[in-house]
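Raw contents of protein29.csv, CSV, C-alpha atoms:
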chain,number,residue,atom,x,y,z
A,1,MET,CA,-7.0,27.5,11.1
A,2,THR,CA,-6.9,30.2,8.5
A,3,ALA,CA,-4.1,30.0,5.9
A,4,ARG,CA,-2.4,33.2,4.8
A,5,SER,CA,-0.1,33.9,2.0
A,6,MET,CA,2.2,36.8,0.9
A,7,GLY,CA,2.0,38.1,-2.6
A,8,GLY,CA,-0.8,38.1,-5.2
A,9,SER,CA,0.0,34.7,-6.6
A,10,LEU,CA,2.4,33.2,-4.1
A,11,SER,CA,5.3,34.5,-6.2
A,12,GLY,CA,7.3,35.3,-3.0
A,13,GLU,CA,7.9,33.1,0.0
A,14,VAL,CA,4.8,31.8,1.6
A,15,ALA,CA,5.2,31.1,5.3
A,16,GLN,CA,2.3,29.3,6.9
A,17,SER,CA,2.3,27.7,10.3
A,18,LEU,CA,-0.4,25.0,10.4
A,19,ALA,CA,-1.6,22.8,13.2
A,20,ILE,CA,-2.1,19.5,11.4
A,21,GLY,CA,-4.1,16.8,13.0
A,22,ARG,CA,-3.0,13.2,13.0
A,23,TYR,CA,-6.5,11.6,13.1
A,24,PRO,CA,-7.1,8.2,14.8
A,25,ASN,CA,-8.7,5.5,12.9
A,26,SER,CA,-12.3,4.5,13.6
A,27,CYS,CA,-11.3,1.9,16.1
A,28,SER,CA,-9.0,4.1,18.2
A,29,GLY,CA,-10.0,6.4,21.0
A,30,SER,CA,-6.6,8.1,21.3
A,31,PRO,CA,-6.6,11.9,21.3
A,32,THR,CA,-5.7,13.8,18.2
A,33,GLN,CA,-2.1,15.1,18.1
A,34,THR,CA,-0.9,18.1,16.2
A,35,ARG,CA,2.4,19.4,14.8
A,36,LYS,CA,3.5,22.7,13.4
A,37,VAL,CA,4.5,22.8,9.8
A,38,THR,CA,5.7,25.8,7.8
A,39,ILE,CA,5.0,25.9,4.1
A,40,HIS,CA,7.3,28.0,1.9
A,41,SER,CA,7.0,28.8,-1.8
A,42,LEU,CA,9.8,29.2,-4.4
A,43,ASN,CA,10.1,30.1,-8.1
A,44,PRO,CA,10.9,26.9,-10.0
A,45,LEU,CA,12.3,29.0,-12.9
A,46,SER,CA,15.0,30.6,-10.8
A,47,ASP,CA,15.6,28.3,-7.8
A,48,ASN,CA,18.0,25.6,-8.8
A,49,ARG,CA,16.9,23.4,-5.9
A,50,TRP,CA,13.8,22.6,-7.9
A,51,GLU,CA,15.8,21.2,-10.8
A,52,GLU,CA,17.9,19.2,-8.4
A,53,LEU,CA,14.8,17.7,-6.8
A,54,VAL,CA,13.3,16.8,-10.2
A,55,ALA,CA,16.5,15.2,-11.2
A,56,ARG,CA,16.6,12.8,-8.3
A,57,HIS,CA,13.0,12.3,-7.2
A,58,PRO,CA,11.7,8.9,-8.4
A,59,GLU,CA,8.2,10.2,-9.1
A,60,ALA,CA,9.3,13.2,-11.1
A,61,SER,CA,8.4,13.4,-14.8
A,62,VAL,CA,9.1,15.6,-17.8
A,63,PHE,CA,6.2,17.8,-16.8
A,64,HIS,CA,8.1,18.8,-13.6
A,65,GLN,CA,11.1,20.0,-15.6
A,66,ARG,CA,12.0,23.7,-15.7
A,67,GLY,CA,11.9,23.7,-19.5
A,68,TRP,CA,8.3,22.6,-19.6
A,69,LEU,CA,7.3,25.2,-17.0
A,70,GLN,CA,9.2,27.9,-18.9
A,71,ALA,CA,7.3,27.0,-22.1
A,72,LEU,CA,4.0,27.3,-20.3
A,73,VAL,CA,5.0,30.8,-19.0
A,74,SER,CA,6.4,31.9,-22.4
A,75,THR,CA,3.4,30.8,-24.4
A,76,TYR,CA,0.4,31.3,-22.1
A,77,GLY,CA,1.6,33.6,-19.3
A,78,TYR,CA,0.8,31.2,-16.5
A,79,GLU,CA,2.4,31.8,-13.1
A,80,PRO,CA,4.2,28.8,-11.6
A,81,TYR,CA,5.4,28.3,-8.1
A,82,VAL,CA,6.3,25.4,-5.8
A,83,LEU,CA,5.1,24.8,-2.3
A,84,THR,CA,7.6,23.0,0.0
A,85,THR,CA,8.2,22.4,3.7
A,86,SER,CA,12.0,22.9,3.1
A,87,PRO,CA,13.2,26.3,4.3
A,88,PRO,CA,15.0,28.8,2.0
A,89,GLY,CA,18.7,28.0,1.6
A,90,GLY,CA,18.5,24.3,2.5
A,91,PRO,CA,18.2,21.2,0.3
A,92,LEU,CA,14.7,20.8,-1.2
A,93,GLN,CA,13.1,17.7,0.3
A,94,ASN,CA,9.6,17.9,-1.3
A,95,GLY,CA,7.4,20.1,-3.5
A,96,ILE,CA,4.1,20.5,-5.3
A,97,VAL,CA,4.3,22.6,-8.4
A,98,VAL,CA,1.3,24.6,-9.4
A,99,CYS,CA,0.3,27.2,-12.1
A,100,ARG,CA,-2.1,30.0,-11.5
A,101,VAL,CA,-4.4,30.2,-14.6
A,102,SER,CA,-6.3,33.4,-14.8
A,103,SER,CA,-9.0,33.6,-17.5
A,104,TRP,CA,-12.0,35.8,-18.1
A,105,ILE,CA,-13.6,32.9,-20.0
A,106,THR,CA,-12.9,29.9,-17.7
A,107,GLY,CA,-12.1,31.6,-14.5
A,108,THR,CA,-9.1,31.6,-12.2
A,109,ARG,CA,-7.8,28.3,-10.9
A,110,LEU,CA,-4.7,26.6,-9.5
A,111,VAL,CA,-3.7,23.6,-11.6
A,112,SER,CA,-0.9,21.1,-11.2
A,113,LEU,CA,-0.2,21.3,-14.2
A,114,PRO,CA,-1.9,22.8,-17.3
A,115,PHE,CA,-1.6,20.8,-20.5
A,116,SER,CA,0.2,18.1,-18.5
A,117,ASP,CA,-1.3,14.6,-18.6
A,118,HIS,CA,-0.1,14.0,-15.1
A,119,CYS,CA,1.9,15.7,-12.4
A,120,GLU,CA,2.8,13.8,-9.3
A,121,PRO,CA,3.1,15.8,-6.0
A,122,LEU,CA,6.8,15.2,-5.1
A,123,LEU,CA,6.2,14.3,-1.5
A,124,ASP,CA,7.8,11.7,0.7
A,125,ASN,CA,4.3,10.3,1.3
A,126,PHE,CA,0.8,11.5,0.9
A,127,GLN,CA,0.4,12.0,4.6
A,128,GLU,CA,2.0,15.3,4.0
A,129,LEU,CA,-0.8,16.4,1.6
A,130,PRO,CA,-3.2,18.0,4.1
A,131,GLU,CA,-0.5,20.6,5.0
A,132,PHE,CA,-0.1,21.6,1.4
A,133,MET,CA,-3.9,21.5,0.6
A,134,SER,CA,-4.5,23.9,3.5
A,135,VAL,CA,-2.4,26.5,1.8
A,136,LEU,CA,-3.8,25.8,-1.7
A,137,LYS,CA,-7.4,25.9,-0.5
A,138,ALA,CA,-6.8,29.2,1.3
A,139,GLU,CA,-5.1,30.7,-1.7
A,140,CYS,CA,-7.9,29.6,-4.0
A,141,ASP,CA,-10.5,31.1,-1.6
A,142,ARG,CA,-8.4,34.4,-1.3
A,143,GLN,CA,-8.2,34.8,-5.1
A,144,ARG,CA,-11.9,33.7,-5.5
A,145,GLY,CA,-10.7,30.9,-7.8
A,146,ARG,CA,-12.9,28.2,-9.1
A,147,TYR,CA,-10.8,25.3,-8.0
A,148,VAL,CA,-7.5,23.7,-7.2
A,149,GLU,CA,-6.7,20.6,-9.4
A,150,LEU,CA,-4.1,17.9,-8.8
A,151,ARG,CA,-3.2,15.3,-11.4
A,152,PRO,CA,-1.3,12.6,-9.6
A,153,LEU,CA,-0.3,9.5,-11.6
A,154,SER,CA,-0.2,7.3,-8.6
A,155,GLY,CA,-3.7,8.3,-7.3
A,156,ILE,CA,-4.7,9.4,-3.8
A,157,GLN,CA,-5.7,6.5,-1.6
A,158,ASP,CA,-7.7,8.3,1.0
A,159,VAL,CA,-9.5,11.2,-0.7
A,160,GLY,CA,-10.0,14.0,1.7
A,161,HIS,CA,-8.4,17.4,2.4
A,162,GLY,CA,-11.2,19.0,0.5
A,163,LEU,CA,-10.3,17.0,-2.7
A,164,GLN,CA,-12.9,15.1,-4.7
A,165,PRO,CA,-12.3,13.0,-7.9
A,166,SER,CA,-13.2,15.3,-10.9
A,167,CYS,CA,-12.5,13.2,-14.0
A,168,SER,CA,-10.7,10.0,-14.9
A,169,TYR,CA,-8.7,8.7,-17.9
A,170,TRP,CA,-6.8,5.7,-19.0
A,171,PHE,CA,-3.0,6.2,-18.8
A,172,HIS,CA,-1.0,4.1,-21.3
A,173,GLU,CA,2.6,3.0,-21.0
A,174,LEU,CA,4.9,0.7,-23.0
A,175,ASP,CA,7.6,-1.3,-21.2
A,176,LEU,CA,10.7,-1.2,-23.4
A,177,ARG,CA,12.7,-3.8,-21.4
A,178,PRO,CA,11.8,-6.8,-23.5
A,179,GLY,CA,13.7,-7.3,-26.8
A,180,LEU,CA,12.7,-5.7,-30.0
A,181,VAL,CA,11.4,-9.0,-31.5
A,182,LYS,CA,9.1,-9.4,-28.5
A,183,LEU,CA,8.0,-5.8,-28.6
A,184,PHE,CA,7.1,-6.0,-32.3
A,185,GLY,CA,5.3,-9.3,-31.8
A,186,ALA,CA,3.2,-7.7,-29.1
A,187,MET,CA,1.9,-5.1,-31.5
A,188,HIS,CA,-1.4,-5.9,-33.2
A,189,ARG,CA,-0.8,-7.9,-36.4
A,190,SER,CA,-3.0,-5.9,-38.8
A,191,ALA,CA,-3.1,-2.5,-37.1
A,192,PHE,CA,0.7,-2.2,-36.7
A,193,GLN,CA,2.8,-5.1,-37.9
A,194,ARG,CA,1.4,-5.2,-41.4
A,195,LYS,CA,1.3,-1.5,-41.7
A,196,VAL,CA,5.0,-1.1,-40.6
A,197,ARG,CA,6.0,-3.6,-43.3
A,198,ARG,CA,3.8,-1.8,-45.8
A,199,ALA,CA,5.5,1.5,-45.0
A,200,GLU,CA,8.9,-0.1,-45.4
A,201,ARG,CA,7.9,-1.6,-48.8
A,202,GLU,CA,6.7,1.9,-49.8
A,203,GLY,CA,10.1,3.3,-49.1
A,204,LEU,CA,9.0,5.7,-46.4
A,205,SER,CA,11.9,7.6,-44.7
A,206,TYR,CA,12.0,9.5,-41.5
A,207,GLU,CA,14.0,12.3,-39.8
A,208,THR,CA,14.4,13.3,-36.2
A,209,GLY,CA,15.5,16.6,-34.7
A,210,ARG,CA,14.5,20.0,-33.6
A,211,SER,CA,15.1,22.1,-36.8
A,212,GLU,CA,12.8,24.9,-38.0
A,213,GLN,CA,12.0,22.8,-41.0
A,214,LEU,CA,10.9,19.8,-38.9
A,215,LEU,CA,8.8,22.2,-36.7
A,216,ASN,CA,7.1,23.7,-39.8
A,217,GLU,CA,6.4,20.2,-41.3
A,218,PHE,CA,5.0,19.0,-38.0
A,219,TYR,CA,2.8,22.0,-37.6
A,220,ARG,CA,1.4,21.8,-41.1
A,221,LEU,CA,0.3,18.2,-40.4
A,222,LEU,CA,-1.0,19.3,-37.0
A,223,LEU,CA,-3.3,21.9,-38.6
A,224,MET,CA,-4.7,19.2,-40.8
A,225,THR,CA,-5.2,16.7,-38.0
A,226,ARG,CA,-6.8,19.2,-35.6
A,227,LYS,CA,-9.2,20.3,-38.3
A,228,ARG,CA,-10.1,16.7,-39.0
A,229,HIS,CA,-10.8,16.2,-35.3
A,230,GLN,CA,-12.8,19.4,-35.1
A,231,LEU,CA,-10.4,20.9,-32.5
A,232,PRO,CA,-8.5,24.2,-32.3
A,233,PRO,CA,-4.8,23.8,-33.1
A,234,GLN,CA,-2.3,24.6,-30.4
A,235,PRO,CA,-0.4,27.9,-31.2
A,236,ARG,CA,2.8,27.4,-33.2
A,237,ALA,CA,4.6,29.4,-30.4
A,238,TRP,CA,3.9,26.6,-28.0
A,239,PHE,CA,6.0,24.1,-30.0
A,240,ARG,CA,8.7,26.7,-30.7
A,241,ASN,CA,8.9,27.5,-27.0
A,242,LEU,CA,9.2,23.8,-26.2
A,243,VAL,CA,12.2,23.5,-28.5
A,244,GLU,CA,13.8,26.6,-27.1
A,245,CYS,CA,13.1,25.8,-23.4
A,246,MET,CA,13.7,22.1,-23.4
A,247,GLY,CA,16.6,21.7,-25.8
A,248,ASP,CA,17.5,18.1,-26.5
A,249,ARG,CA,14.7,16.8,-24.3
A,250,VAL,CA,12.3,17.4,-27.1
A,251,GLN,CA,12.4,16.2,-30.7
A,252,PHE,CA,10.2,15.9,-33.8
A,253,MET,CA,9.9,12.8,-35.9
A,254,VAL,CA,8.7,13.3,-39.5
A,255,ALA,CA,7.9,10.5,-41.9
A,256,ARG,CA,8.1,11.2,-45.6
A,257,LYS,CA,7.0,9.6,-48.9
A,258,ASN,CA,9.2,10.8,-51.8
A,259,GLY,CA,10.3,13.7,-49.7
A,260,ALA,CA,6.8,14.9,-48.8
A,261,PRO,CA,5.9,14.9,-45.1
A,262,ILE,CA,2.9,12.6,-44.4
A,263,ALA,CA,3.1,11.9,-40.6
A,264,ALA,CA,4.8,13.4,-37.6
A,265,MET,CA,5.1,13.3,-33.8
A,266,LEU,CA,6.6,15.3,-31.0
A,267,THR,CA,8.2,13.5,-28.1
A,268,LEU,CA,9.8,14.5,-24.8
A,269,ARG,CA,12.4,12.8,-22.5
A,270,HIS,CA,12.9,12.6,-18.8
A,271,ARG,CA,15.6,10.2,-17.6
A,272,LEU,CA,14.6,6.7,-18.7
A,273,THR,CA,11.2,7.7,-20.0
A,274,VAL,CA,10.2,8.9,-23.4
A,275,VAL,CA,6.9,10.7,-23.6
A,276,TYR,CA,4.8,10.6,-26.8
A,277,LYS,CA,3.0,13.9,-26.6
A,278,TYR,CA,1.6,14.9,-30.0
A,279,GLY,CA,1.0,13.1,-33.3
A,280,CYS,CA,-0.5,14.2,-36.6
A,281,SER,CA,-0.8,13.0,-40.2
A,282,ASP,CA,-2.1,13.7,-43.7
A,283,GLU,CA,-5.1,11.4,-44.1
A,284,ARG,CA,-4.6,11.1,-47.8
A,285,PHE,CA,-1.6,8.9,-47.1
A,286,HIS,CA,-3.0,6.8,-44.2
A,287,SER,CA,-2.9,3.7,-46.3
A,288,LEU,CA,0.9,3.9,-46.4
A,289,GLY,CA,1.2,3.3,-42.7
A,290,GLY,CA,3.1,6.5,-41.8
A,291,MET,CA,2.0,6.7,-38.1
A,292,PRO,CA,2.6,3.0,-37.3
A,293,PHE,CA,5.9,3.3,-39.1
A,294,LEU,CA,6.9,6.3,-36.8
A,295,PHE,CA,5.6,4.5,-33.7
A,296,TRP,CA,7.9,1.5,-34.4
A,297,ARG,CA,10.8,3.8,-35.2
A,298,LEU,CA,10.1,5.5,-31.8
A,299,VAL,CA,10.3,2.2,-30.1
A,300,GLU,CA,13.6,1.3,-31.8
A,301,GLU,CA,15.2,4.7,-31.1
A,302,SER,CA,14.0,4.9,-27.5
A,303,LYS,CA,15.3,1.5,-26.7
A,304,ALA,CA,18.6,2.1,-28.4
A,305,SER,CA,19.0,5.3,-26.3
A,306,GLY,CA,18.6,3.4,-23.0
A,307,ALA,CA,15.0,4.3,-22.3
A,308,GLU,CA,13.0,1.8,-20.3
A,309,SER,CA,9.4,3.0,-21.1
A,310,ILE,CA,7.3,5.2,-23.4
A,311,ASP,CA,4.6,7.2,-21.8
A,312,PHE,CA,1.7,7.3,-24.3
A,313,GLY,CA,-0.4,9.7,-22.2
A,314,ARG,CA,-4.0,9.6,-21.4
A,315,SER,CA,-7.2,8.6,-23.2
A,316,ASP,CA,-10.7,9.7,-22.4
A,317,LEU,CA,-12.7,6.8,-21.0
A,318,LYS,CA,-15.3,7.2,-23.7
A,319,ASP,CA,-12.8,7.4,-26.6
A,320,GLU,CA,-12.9,3.7,-27.4
A,321,GLY,CA,-11.1,4.2,-30.7
A,322,LEU,CA,-8.0,5.8,-29.1
A,323,ILE,CA,-8.0,3.3,-26.3
A,324,ILE,CA,-8.0,0.4,-28.7
A,325,PHE,CA,-5.3,2.1,-30.8
A,326,LYS,CA,-3.0,2.4,-27.8
A,327,ASP,CA,-3.8,-1.1,-26.6
A,328,ARG,CA,-2.7,-2.4,-30.0
A,329,LEU,CA,0.7,-0.9,-29.5
A,330,GLY,CA,1.3,-3.4,-26.7
A,331,THR,CA,0.8,-0.8,-23.9
A,332,SER,CA,-0.5,-1.5,-20.4
A,333,ARG,CA,-3.0,0.9,-18.9
A,334,LYS,CA,-4.2,2.1,-15.5
A,335,LEU,CA,-6.7,4.5,-14.3
A,336,LEU,CA,-5.6,8.2,-14.0
A,337,THR,CA,-7.8,10.3,-11.8
A,338,TYR,CA,-7.7,14.1,-11.3
A,339,TYR,CA,-8.8,15.6,-8.0
A,340,ARG,CA,-10.2,19.0,-7.3
A,341,TYR,CA,-11.0,21.2,-4.4
A,342,ALA,CA,-13.9,23.4,-5.7
A,343,ARG,CA,-14.6,26.7,-4.1
A,344,THR,CA,-18.1,26.8,-5.6
A,345,ALA,CA,-20.5,24.2,-7.0
A,346,LYS,CA,-20.1,25.6,-10.5
A,347,GLN,CA,-16.5,24.3,-10.9
A,348,GLY,CA,-17.7,21.4,-13.1
A,349,ALA,CA,-19.6,23.5,-15.5
A,350,ALA,CA,-19.1,22.9,-19.2
A,351,THR,CA,-16.8,25.2,-21.2
A,352,PHE,CA,-16.5,26.0,-24.9
A,353,GLN,CA,-14.3,22.9,-25.2
A,354,ASP,CA,-17.4,20.8,-24.7
A,355,SER,CA,-19.5,22.6,-27.3
A,356,ARG,CA,-20.5,20.6,-30.4
A,357,THR,CA,-21.2,23.8,-32.3
A,358,VAL,CA,-17.6,25.0,-31.6
A,359,HIS,CA,-16.2,21.7,-32.8
A,360,GLN,CA,-18.2,22.0,-36.0
A,361,LEU,CA,-17.0,25.5,-36.5
A,362,PHE,CA,-13.3,24.5,-36.2
A,363,SER,CA,-13.9,21.8,-38.8
A,364,LEU,CA,-14.9,24.6,-41.3
A,365,LEU,CA,-12.5,27.4,-40.5
A,366,PRO,CA,-9.5,27.9,-42.9
A,367,GLU,CA,-6.3,26.8,-41.3
A,368,ALA,CA,-4.9,30.3,-40.9
A,369,ILE,CA,-8.0,31.5,-39.0
A,370,ALA,CA,-8.1,28.3,-36.9
A,371,SER,CA,-4.5,28.8,-35.9
A,372,ALA,CA,-5.2,32.4,-34.9
A,373,ALA,CA,-8.2,31.3,-32.9
A,374,GLY,CA,-6.0,28.7,-31.2
A,375,ARG,CA,-3.5,31.3,-30.1
A,376,VAL,CA,-6.3,33.2,-28.4
A,377,LEU,CA,-8.2,30.3,-26.9
A,378,TYR,CA,-5.6,27.9,-25.6
A,379,ARG,CA,-4.4,30.1,-22.7
A,380,HIS,CA,-8.0,29.7,-21.3
A,381,MET,CA,-8.0,25.9,-21.6
A,382,GLY,CA,-5.2,24.9,-19.2

Rewrite the coordinates I just gave you, this time as C-alpha cells.
Amino acid sequence: MTARSMGGSLSGEVAQSLAIGRYPNSCSGSPTQTRKVTIHSLNPLSDNRWEELVARHPEASVFHQRGWLQALVSTYGYEPYVLTTSPPGGPLQNGIVVCRVSSWITGTRLVSLPFSDHCEPLLDNFQELPEFMSVLKAECDRQRGRYVELRPLSGIQDVGHGLQPSCSYWFHELDLRPGLVKLFGAMHRSAFQRKVRRAEREGLSYETGRSEQLLNEFYRLLLMTRKRHQLPPQPRAWFRNLVECMGDRVQFMVARKNGAPIAAMLTLRHRLTVVYKYGCSDERFHSLGGMPFLFWRLVEESKASGAESIDFGRSDLKDEGLIIFKDRLGTSRKLLTYYRYARTAKQGAATFQDSRTVHQLFSLLPEAIASAAGRVLYRHMG
C-alpha cells in the first residue's frame, strides 16, 4: 500500500491509513489479519503533548527533550517532527521523533536523531514499528532521500520493515546506586584513583554552571582537543544554543590549576540520568589529572543530586583506547546498533568524515579557521 504525506517535510498533520499485516509464525497456517492505523504528525517544538510524553515515558532520554530539538533547529536548521498514532487534541500515547537533514554534500535523509548517541522510539512495543516505517519509507522515497535511520538504545529484536543494521557501537553507563566508596573503588587504580589523588594534591579547583565565561573556557579547550584528534570543532553556536534552549538541564564543569582552565566537560540531565556529552583538555597539563578529577566530581555531584546513572555515550567498536578508558571508570557496556532503510545501495558510501586527508588538514589549520570550517561542515554531518 502506498503511503502518502501532506507537506514538504511532514511539517503539517500526516494522515495515513495503513493495512498492517499480523504475520503468522513459520509453524502457523492461520490467515493474515489486517487492521487500519492512522499515522499523524506533530511539531514537537510547539505541541505540549510531546513534552508531556517525554516527561513520563520510561524510555525517553535527554535527546527527546524539546530543548535538545530546538538547539538542533537553531544551530543546523534541521526540521523535526513526531509521528504518532494519537489523533490531534487527545493525549499522546506514542511517538517517533525524526529530523529531516538536507545537505548538498551528504544528501537528504531522515534521522532519529542527528548528533544524538541514541533515540528510542517511544512506542508501547515494537510491534507498532511497521506502521511508522511505512510512512517513513514513503516519505524518504518521495523526497528521494538516501535513507531513514533509527538509533534505538534497546535494539530491534526482529529486524525487518525495510530496516537493516548499519553500524554498531558500545554504549557505556555507570550505575550510581552503590555508595561513593564502592564507586571510587571500582575505578581503575592507576588510571583514575591515583590521578584523582594527584589532582587533589596539586590543588586543582573546579566550577560548574552555564555562564558565558565557562562556555568560553570550555570552547577554548574544545578547540585544542579537536585539533589534537584531527577533527573539526563543533560550532560555538551549538553550545550557546544548548545553554539557551535547555536551561538548567545543561552545565559546564571546568577544572583549573592556579586559576587557569585545564580540563572541561559538558553534561546534560534527564530525570534520574546525567549524560556526559563532551569533554576536552589542555594536554600540557594531563599529568595533573584534570579529566579524572572532573569525572570523579561528576560522580559525586550527580549522586548528591539524586541521579541514579551516568550515560557515558557511545564508543566506536574499533576505538580500543576510548573503550578501555570508559571501562576503567567502572561503567558497564552493551551493544548499540543503528538501523537504516536505504532507498539506494549508495547509502553506506564514505563521506568527508572518513577521509584521512581531511583529518590531517584539521590538525594543521589555525583554530580560528578550523572553527569557521566546523560551522560550515557540521550541519552536513548529522

_Residue among A:Asn48, A:Ser315, A:Gln164, A:Gln143 lying closest to Gly90 in chain A, counting only C-alpha atoms_ =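 The shortest atom-to-atom distance to Gly90 in chain A comes from A:Asn48.
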
*asked:* From (0.9, 4.6, -41.9), in the file's coordinates, out to 10 Å: which residues are reached, counting only C-alpha atoms? Answer as number ranges by chain.
replied: A: 191-192, 194-200, 204, 255, 262-263, 281-283, 285-295

*List the neighbours of Arg379 in chain A out to 6 Å using only C-alpha atoms; skip same-chain residues closer than 2 positions along the sequence, and give me the result as a ChimeraX atom specification.*
/A:76,377,381

*Neighbours of range 95-97 of chain A within 6 Å (all atoms listed in the file; same-chain residues fewer than 2 positions away dropped), as number ranges by chain?*
A: 81-84, 121-122

_Which of A:Arg146, A:Tyr378, A:Tyr338, A:Leu183 sits closest to Ser309 in chain A [using only C-alpha atoms]_ =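 Residue with the minimum atom-to-atom distance to Ser309 in chain A: A:Leu183.
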